[in-house]
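> Contents of model04.csv (CSV, C-alpha atoms):
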chain,number,residue,atom,x,y,z
A,1,MET,CA,17.8,-14.4,-20.9
A,2,ASN,CA,19.2,-14.7,-17.3
A,3,PHE,CA,19.1,-11.0,-16.6
A,4,SER,CA,15.4,-10.8,-17.5
A,5,LYS,CA,14.5,-13.1,-14.6
A,6,LEU,CA,16.4,-10.9,-12.3
A,7,GLY,CA,14.7,-7.9,-13.8
A,8,LYS,CA,11.2,-9.3,-13.3
A,9,MET,CA,11.9,-10.1,-9.6
A,10,PHE,CA,13.4,-6.7,-9.0
A,11,MET,CA,10.3,-5.1,-10.5
A,12,TRP,CA,8.2,-7.0,-8.1
A,13,LEU,CA,10.3,-5.8,-5.2
A,14,LYS,CA,9.5,-2.2,-6.2
A,15,ARG,CA,5.8,-2.6,-7.0
A,16,PRO,CA,4.0,-4.9,-4.5
A,17,LEU,CA,0.5,-3.8,-3.9
A,18,ASP,CA,0.4,-1.7,-7.1
A,19,LEU,CA,1.8,1.2,-5.2
A,20,LEU,CA,4.1,2.5,-7.9
A,21,GLY,CA,1.8,2.1,-10.9
A,22,VAL,CA,2.4,2.1,-14.6
A,23,THR,CA,5.3,4.6,-14.5
A,24,MET,CA,7.6,2.4,-12.6
A,25,GLY,CA,7.0,-0.5,-14.9
A,26,ARG,CA,8.0,1.5,-17.9
A,27,SER,CA,11.1,2.8,-16.1
A,28,ILE,CA,12.3,-0.7,-15.1
A,29,LYS,CA,11.8,-1.9,-18.7
A,30,ARG,CA,14.1,0.9,-19.8
A,31,VAL,CA,16.6,0.2,-17.1
A,32,PHE,CA,16.9,-3.5,-18.0
A,33,SER,CA,17.3,-2.9,-21.7
A,34,PRO,CA,19.5,-5.4,-23.6
A,35,ARG,CA,22.2,-2.7,-24.1
A,36,LYS,CA,22.7,-2.5,-20.3
A,37,SER,CA,22.1,-6.1,-19.4
A,38,LEU,CA,25.7,-6.9,-18.4
A,39,LEU,CA,26.0,-3.9,-16.2
A,40,TRP,CA,22.8,-4.5,-14.3
A,41,LEU,CA,23.5,-8.2,-14.0
A,42,VAL,CA,26.8,-7.3,-12.2
A,43,VAL,CA,25.0,-4.8,-10.0
A,44,LEU,CA,22.2,-7.3,-9.1
A,45,THR,CA,24.8,-10.0,-8.4
A,46,SER,CA,26.4,-7.7,-5.8
A,47,LEU,CA,23.0,-7.1,-4.3
A,48,LEU,CA,22.4,-10.9,-4.0
A,49,LEU,CA,25.5,-11.2,-1.8
A,50,SER,CA,24.3,-8.9,0.9
A,51,GLY,CA,20.5,-9.1,1.0
A,52,CYS,CA,18.1,-6.3,0.1
A,53,VAL,CA,14.8,-6.4,1.8
A,54,LYS,CA,13.8,-7.4,5.3
A,55,TYR,CA,10.1,-7.7,5.7
A,56,ASP,CA,8.6,-8.9,9.0
A,57,VAL,CA,4.8,-9.2,9.4
A,58,SER,CA,3.4,-9.8,12.9
A,59,VAL,CA,-0.2,-10.5,14.0
A,60,ASN,CA,-0.5,-9.6,17.7
A,61,PHE,CA,-3.7,-10.5,19.7
A,62,ASN,CA,-4.5,-9.0,23.0
A,63,HIS,CA,-7.8,-10.8,23.2
A,64,SER,CA,-10.5,-11.8,20.8
A,65,ASN,CA,-11.6,-8.2,20.3
A,66,SER,CA,-8.3,-6.4,20.2
A,67,GLY,CA,-5.0,-6.7,18.3
A,68,GLN,CA,-2.6,-5.1,15.8
A,69,LEU,CA,-1.1,-6.0,12.5
A,70,VAL,CA,2.5,-4.9,12.6
A,71,GLN,CA,4.9,-4.7,9.6
A,72,HIS,CA,8.6,-3.9,9.9
A,73,ILE,CA,10.2,-3.0,6.6
A,74,LYS,CA,13.9,-2.4,6.3
A,75,LEU,CA,15.7,-1.9,3.0
A,76,GLY,CA,19.4,-2.5,2.4
A,77,GLU,CA,21.6,0.4,1.6
A,78,ARG,CA,22.7,-1.1,-1.7
A,79,LEU,CA,19.1,-1.4,-2.8
A,80,THR,CA,18.3,2.2,-2.0
A,81,SER,CA,21.5,3.4,-3.7
A,82,PHE,CA,20.5,1.4,-6.8
A,83,SER,CA,17.1,2.9,-7.2
A,84,GLY,CA,16.4,5.2,-4.3
A,85,ASP,CA,13.6,7.3,-5.9
A,86,TYR,CA,11.4,4.3,-6.6
A,87,ILE,CA,12.0,2.8,-3.2
A,88,TYR,CA,11.2,5.9,-1.3
A,89,ALA,CA,8.1,6.4,-3.4
A,90,TRP,CA,7.1,2.8,-2.5
A,91,LEU,CA,7.5,3.5,1.2
A,92,ASP,CA,5.5,6.7,0.9
A,93,SER,CA,2.7,4.9,-0.8
A,94,ILE,CA,2.7,2.2,2.0
A,95,GLU,CA,2.1,5.1,4.5
A,96,SER,CA,-0.8,6.3,2.4
A,97,ARG,CA,-2.4,2.8,2.3
A,98,THR,CA,-1.8,2.3,6.0
A,99,ARG,CA,-3.7,5.5,6.9
A,100,LYS,CA,-6.6,4.4,4.7
A,101,LEU,CA,-6.9,1.3,7.0
A,102,GLU,CA,-6.8,3.5,10.1
A,103,GLY,CA,-3.2,2.6,10.9
A,104,LYS,CA,-0.1,4.5,11.7
A,105,VAL,CA,3.5,4.6,10.4
A,106,SER,CA,6.7,5.1,12.4
A,107,ARG,CA,9.5,6.3,10.1
A,108,ILE,CA,12.7,5.2,11.7
A,109,SER,CA,14.8,6.2,8.8
A,110,GLN,CA,14.6,6.7,5.1
A,111,GLU,CA,15.1,3.0,4.6
A,112,GLU,CA,13.1,1.6,7.6
A,113,ILE,CA,9.5,2.0,8.7
A,114,ILE,CA,7.1,0.2,11.1
A,115,VAL,CA,3.5,0.0,10.1
A,116,THR,CA,0.8,-0.7,12.8
A,117,ILE,CA,-2.8,-1.4,11.8
A,118,PRO,CA,-5.3,-2.1,14.6
A,119,PHE,CA,-8.2,-4.5,14.4
A,120,SER,CA,-11.1,-5.1,16.8
A,121,ASN,CA,-12.1,-8.7,15.7
A,122,GLY,CA,-11.1,-11.6,13.6
A,123,GLN,CA,-13.2,-10.6,10.6
A,124,GLU,CA,-11.6,-7.1,10.6
A,125,LEU,CA,-8.1,-8.6,10.7
A,126,GLN,CA,-8.9,-10.8,7.8
A,127,THR,CA,-10.3,-8.0,5.7
A,128,LYS,CA,-7.5,-5.5,6.4
A,129,PHE,CA,-4.8,-8.0,6.0
A,130,ASN,CA,-6.0,-9.2,2.6
A,131,GLU,CA,-6.8,-5.7,1.5
A,132,PHE,CA,-3.3,-4.5,2.3
A,133,PHE,CA,-1.5,-7.4,0.6
A,134,ASN,CA,-4.0,-7.8,-2.2
A,135,THR,CA,-2.1,-7.9,-5.6
A,136,HIS,CA,-5.1,-8.1,-7.9
A,137,ASN,CA,-5.2,-4.4,-8.2
A,138,ASN,CA,-1.8,-4.6,-9.8
A,139,GLN,CA,-3.1,-6.7,-12.6
A,140,LYS,CA,-5.8,-4.1,-13.5
A,141,VAL,CA,-3.3,-1.3,-13.9
A,142,ALA,CA,-0.8,-3.6,-15.6
A,143,ALA,CA,-3.3,-4.2,-18.4
A,144,THR,CA,-2.4,-0.8,-19.8
A,145,THR,CA,1.3,-1.5,-19.8
A,146,SER,CA,3.4,-3.5,-22.3
A,147,GLU,CA,3.4,-7.3,-22.6
A,148,ALA,CA,6.7,-7.4,-20.6
A,149,ASP,CA,5.0,-5.7,-17.6
A,150,SER,CA,2.1,-8.2,-17.7
A,151,GLU,CA,4.6,-11.0,-17.1
A,152,LEU,CA,5.5,-9.7,-13.6
A,153,PRO,CA,5.6,-12.4,-11.0
A,154,LYS,CA,2.2,-12.9,-9.4
A,155,ILE,CA,2.2,-13.1,-5.6
A,156,GLU,CA,-0.9,-14.7,-4.1
A,157,SER,CA,-1.5,-13.9,-0.4
A,158,ASN,CA,-4.6,-15.0,1.5
A,159,LEU,CA,-5.3,-15.1,5.2
A,160,LEU,CA,-8.4,-16.8,6.8
A,161,LEU,CA,-9.4,-16.7,10.4
A,162,PHE,CA,-12.2,-18.9,11.8
A,163,GLN,CA,-13.6,-18.2,15.3
A,164,ASN,CA,-15.8,-20.2,17.5
A,165,ASN,CA,-17.2,-18.6,20.7
A,166,PHE,CA,-17.4,-20.8,23.8
A,167,LEU,CA,-18.8,-18.0,26.1
A,168,LEU,CA,-15.6,-17.3,28.1
A,169,LEU,CA,-13.1,-18.4,25.4
A,170,VAL,CA,-12.8,-18.1,21.6
A,171,ARG,CA,-11.2,-20.8,19.6
A,172,ASN,CA,-9.3,-19.4,16.6
A,173,ARG,CA,-8.0,-21.2,13.5
A,174,LEU,CA,-5.7,-19.1,11.4
A,175,ILE,CA,-4.8,-20.2,7.8
A,176,TYR,CA,-2.3,-18.2,5.8
A,177,ASP,CA,-1.2,-19.1,2.2
A,178,LEU,CA,1.6,-17.2,0.5
A,179,ASP,CA,2.6,-18.3,-3.0
A,180,LEU,CA,6.1,-17.1,-3.7
A,181,ARG,CA,6.9,-19.7,-6.4
A,182,SER,CA,7.0,-17.0,-9.1
A,183,LEU,CA,10.1,-15.5,-7.3
A,184,ALA,CA,12.3,-18.6,-8.0
A,185,LEU,CA,15.3,-17.4,-10.0
A,186,ILE,CA,15.9,-20.0,-12.7
A,187,ALA,CA,18.3,-19.6,-15.6
A,188,SER,CA,17.2,-20.2,-19.2
A,189,LYS,CA,18.9,-23.6,-19.2
A,190,GLY,CA,17.1,-24.7,-16.1
A,191,ASN,CA,20.0,-24.1,-13.7
A,192,VAL,CA,19.5,-22.1,-10.6
A,193,LEU,CA,20.8,-18.6,-11.1
A,194,ALA,CA,20.6,-17.3,-7.6
A,195,ASP,CA,18.9,-17.9,-4.3
A,196,ALA,CA,15.9,-15.6,-3.9
A,197,GLY,CA,16.4,-15.9,-0.1
A,198,ALA,CA,19.6,-13.9,-0.5
A,199,ILE,CA,17.5,-10.9,-1.6
A,200,LEU,CA,14.4,-11.4,0.5
A,201,ASP,CA,14.2,-12.0,4.2
A,202,LEU,CA,10.6,-12.6,4.9
A,203,GLU,CA,9.1,-13.5,8.3
A,204,PHE,CA,5.6,-14.0,9.7
A,205,SER,CA,4.9,-14.2,13.4
A,206,LEU,CA,1.9,-14.7,15.6
A,207,ASN,CA,1.6,-13.4,19.2
A,208,THR,CA,-1.2,-14.5,21.5
A,209,PRO,CA,-1.7,-14.4,25.3
A,210,TRP,CA,-1.5,-18.2,25.7
A,211,GLY,CA,0.5,-19.2,22.7
A,212,ALA,CA,-0.7,-21.2,19.7
A,213,LYS,CA,-0.4,-24.8,18.3
A,214,ASN,CA,1.0,-25.2,14.9
A,215,ILE,CA,-0.8,-27.7,12.6
A,216,GLN,CA,1.3,-29.6,9.9
A,217,LEU,CA,-1.3,-30.9,7.5
A,218,THR,CA,0.3,-30.3,4.1
A,219,GLU,CA,3.7,-30.7,2.5
A,220,ASN,CA,3.9,-27.0,2.1
A,221,ALA,CA,3.4,-26.2,5.8
A,222,VAL,CA,6.3,-24.1,7.3
A,223,GLU,CA,7.8,-25.2,10.6
A,224,PRO,CA,7.8,-22.3,13.0
A,225,GLU,CA,10.2,-21.3,15.7
A,226,LYS,CA,8.7,-20.9,19.2
A,227,GLN,CA,9.7,-17.9,21.3
A,228,GLY,CA,7.6,-17.9,24.4
A,229,ASN,CA,4.0,-17.1,23.3
A,230,GLN,CA,5.2,-16.2,19.8
A,231,LEU,CA,5.4,-18.5,16.8
A,232,LEU,CA,7.7,-17.3,14.0
A,233,TRP,CA,7.8,-18.6,10.5
A,234,ARG,CA,10.7,-17.8,8.0
A,235,LEU,CA,9.0,-17.7,4.7
A,236,GLN,CA,10.7,-19.2,1.7
A,237,PRO,CA,10.9,-17.3,-1.6
A,238,GLY,CA,10.3,-19.6,-4.6
A,239,GLU,CA,8.0,-21.9,-2.6
A,240,LEU,CA,4.3,-22.2,-1.6
A,241,ASN,CA,4.2,-21.3,2.1
A,242,HIS,CA,1.3,-22.6,4.1
A,243,ILE,CA,0.7,-21.7,7.8
A,244,GLU,CA,-2.1,-23.1,9.9
A,245,VAL,CA,-2.5,-22.7,13.7
A,246,VAL,CA,-5.1,-23.1,16.4
A,247,PHE,CA,-5.1,-20.8,19.5
A,248,TRP,CA,-7.5,-19.8,22.2
A,249,LEU,CA,-8.3,-16.2,23.3
A,250,PRO,CA,-10.2,-14.9,26.3
A,251,SER,CA,-13.6,-13.4,25.4
A,252,PRO,CA,-14.2,-10.0,27.0
A,253,LEU,CA,-17.9,-10.1,26.2
A,254,GLY,CA,-18.4,-13.5,27.7
A,255,ILE,CA,-16.3,-12.7,30.8
A,256,GLY,CA,-18.2,-9.4,31.2
A,257,ALA,CA,-21.5,-11.2,31.0
A,258,LEU,CA,-20.4,-13.7,33.6
A,259,LEU,CA,-19.3,-11.0,36.0
A,260,ILE,CA,-22.7,-9.2,35.7
A,261,ILE,CA,-24.5,-12.5,36.4
A,262,LEU,CA,-22.2,-13.1,39.4
A,263,PHE,CA,-22.7,-9.6,40.7
A,264,VAL,CA,-26.5,-9.8,40.5
A,265,TRP,CA,-26.5,-13.2,42.1
A,266,GLY,CA,-24.2,-12.0,44.9
A,267,GLY,CA,-26.5,-9.0,45.6
A,268,LEU,CA,-29.6,-11.2,45.8
A,269,TYR,CA,-27.8,-13.7,48.0
A,270,LEU,CA,-26.6,-11.0,50.4
A,271,ARG,CA,-30.1,-9.4,50.5
A,272,TYR,CA,-32.0,-12.5,51.4
A,273,THR,CA,-29.3,-14.1,53.6
A,274,PHE,CA,-28.1,-11.3,55.9
A,275,MET,CA,-31.1,-8.9,55.8
A,276,PRO,CA,-34.7,-9.4,56.7
A,277,ASP,CA,-37.1,-10.7,54.1
A,278,PRO,CA,-38.7,-7.6,52.6
A,279,ARG,CA,-42.0,-9.4,52.5
A,280,VAL,CA,-42.0,-9.7,56.3
A,281,GLN,CA,-40.3,-6.4,57.0
A,282,PHE,CA,-42.8,-4.3,55.0
A,283,ALA,CA,-45.9,-6.4,55.6
A,284,PRO,CA,-48.8,-4.4,57.0
A,285,GLN,CA,-49.2,-4.8,60.7
A,286,PRO,CA,-52.6,-6.2,62.0
A,287,THR,CA,-54.7,-3.7,63.9
A,288,VAL,CA,-54.8,-4.5,67.6
A,289,THR,CA,-58.3,-4.1,69.2
A,290,GLU,CA,-59.2,-4.1,72.8
As a first step, turn the structure in this file into C-alpha cells.


Amino acid sequence: MNFSKLGKMFMWLKRPLDLLGVTMGRSIKRVFSPRKSLLWLVVLTSLLLSGCVKYDVSVNFNHSNSGQLVQHIKLGERLTSFSGDYIYAWLDSIESRTRKLEGKVSRISQEEIIVTIPFSNGQELQTKFNEFFNTHNNQKVAATTSEADSELPKIESNLLLFQNNFLLLVRNRLIYDLDLRSLALIASKGNVLADAGAILDLEFSLNTPWGAKNIQLTENAVEPEKQGNQLLWRLQPGELNHIEVVFWLPSPLGIGALLIILFVWGGLYLRYTFMPDPRVQFAPQPTVTE
C-alpha cells in the first residue's frame, strides 16, 4: 500500500544508527496500522510540503594531523509535533554516541544540535565517520523484531581516505559512497508518490586549507558547489551518491623535521664561518725554548 512506503521511510528517519532500538519499531508499526492509514497519509503529505529534516555533514581539515567532523541537524517543527518523544530520544542518543567518540554536542534548541567530533589523522577520521554512520548494528537488533521491521530501508554509508606522504605535503584521496536508493518513494503501481527530497535536505561538505579537486569518474558522482576552499554536495535521496576528491595538506611532521635540519645547518654554518675554527682555537700551543 502507498502509506506503507511512507511509513517505512519515516521509520528510517527516527531510527538511523540504531539509536532508538526495538521499542520504536514496534511503536511505528502500531502508528501505521491499516485502521489509521488514511489519517497518517494526510499528515505525512502535509510534512512533505514543508520539509522535515535538514542534515549537514562537514569534514574540516586544518592540516594532515588535525580536523573535525561537524554535523548540523535541524528538525522541522511539524516533524517534532508529529512524534516529538521519539525525535528527542533520537537526538539524545546522538549526543551519547558523540561522546563515545570523544566529541561534543551543542544543543541550540530542542530541534537543533551541532555535533563536533575531532580527529588527528586520516585513519581516525575514516574510523570515526564509519562508526558513527554505521547501520549494520541496526540489523542485529532488528532481527528480534517483526518481519515488517526487518524491511526497513537499508542505508549504506562508507568513507575511505587514502593518504600519501611527500615529506612537506600529504596527498589525500577521499571517496564517499552513500546509497539512498531505498528511500525512493514509489507507489504500488510504479508511480512516484512523493519526492524524498521534500522530506530530507542532506548536504556533505569538505573544507581544506588549499581547496580540493572534484573527480567525476562514475555516473553516480555528485557535482559539488564551490565556495572558496569549500566543496559542497547536495545529496539526493533515492539515488546512489558517489563523491571522490583529491586535495593536498601541509604535513606538520615533515615541516618540523625540515625546520630542525635548517636550524642545525644554520648553527654549523655560523659557527665555522664567523667564528674561529675550534681545532685551531683550542689546539695546544708549542713550548717555546731558549

> Could you tell me which of A:Gly267, A:Pro209, A:Gly67, A:Gly103 comes closest to A:Ser120 if we count only C-alpha atoms?

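Smallest distance to A:Ser120 is found for A:Gly67.
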
> Excluding same-chain residues fewer than 2 positions from stretch 243-253 of chain A, what lies within 9 Å of it counting only C-alpha atoms, as number ranges by chain?

A: 61-65, 165-178, 208-217, 220-224, 233, 241, 255-258

> For each of A:Leu231, A:Leu202, A:Leu125, A:Leu159, take the minimum atom-to-atom distance to A:His72, counting all atoms listed in the file, then give the residue where this is smallest.

A:Leu202

> I'd like to know which of A:Thr273, A:Asp201, A:Ile155, A:Ile261 is closest to A:Leu240, using only C-alpha atoms.

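For A:Leu240, the nearest of the given residues is A:Ile155.
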
> Please compute the atom CA of A:Phe204-atom CA of A:Pro237 distance, one decimal, in Å.

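Separating atom CA of A:Phe204 from atom CA of A:Pro237 is a distance of 12.9 Å.
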
> One number please: atom CA of A:Gln236 to atom CA of A:Asn130, in Å, one decimal.

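Going from atom CA of A:Gln236 over to atom CA of A:Asn130, I get 19.5 Å.
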
> Find the distance between atom CA of A:Leu206 and atom CA of A:Val59 and write it in Å to one decimal.

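Those two atoms sit 5.0 Å apart.
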
> Which of these residues is nearest to A:Leu232, using only C-alpha atoms: A:Ser205, A:Ser96, A:Asn121, A:Asn164?

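With only C-alpha atoms as the atom set, the closest residue is A:Ser205.
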
> Looking at all atoms listed in the file, which of A:Phe162, A:Asp179, A:Tyr88, A:Phe132 is the one that sits closest to A:Leu101?

A:Phe132

> Pick out the closest residue to A:Pro118 from this set: A:Phe133, A:His242, A:Lys104, A:Glu95. Count all atoms listed in the file.

A:Lys104
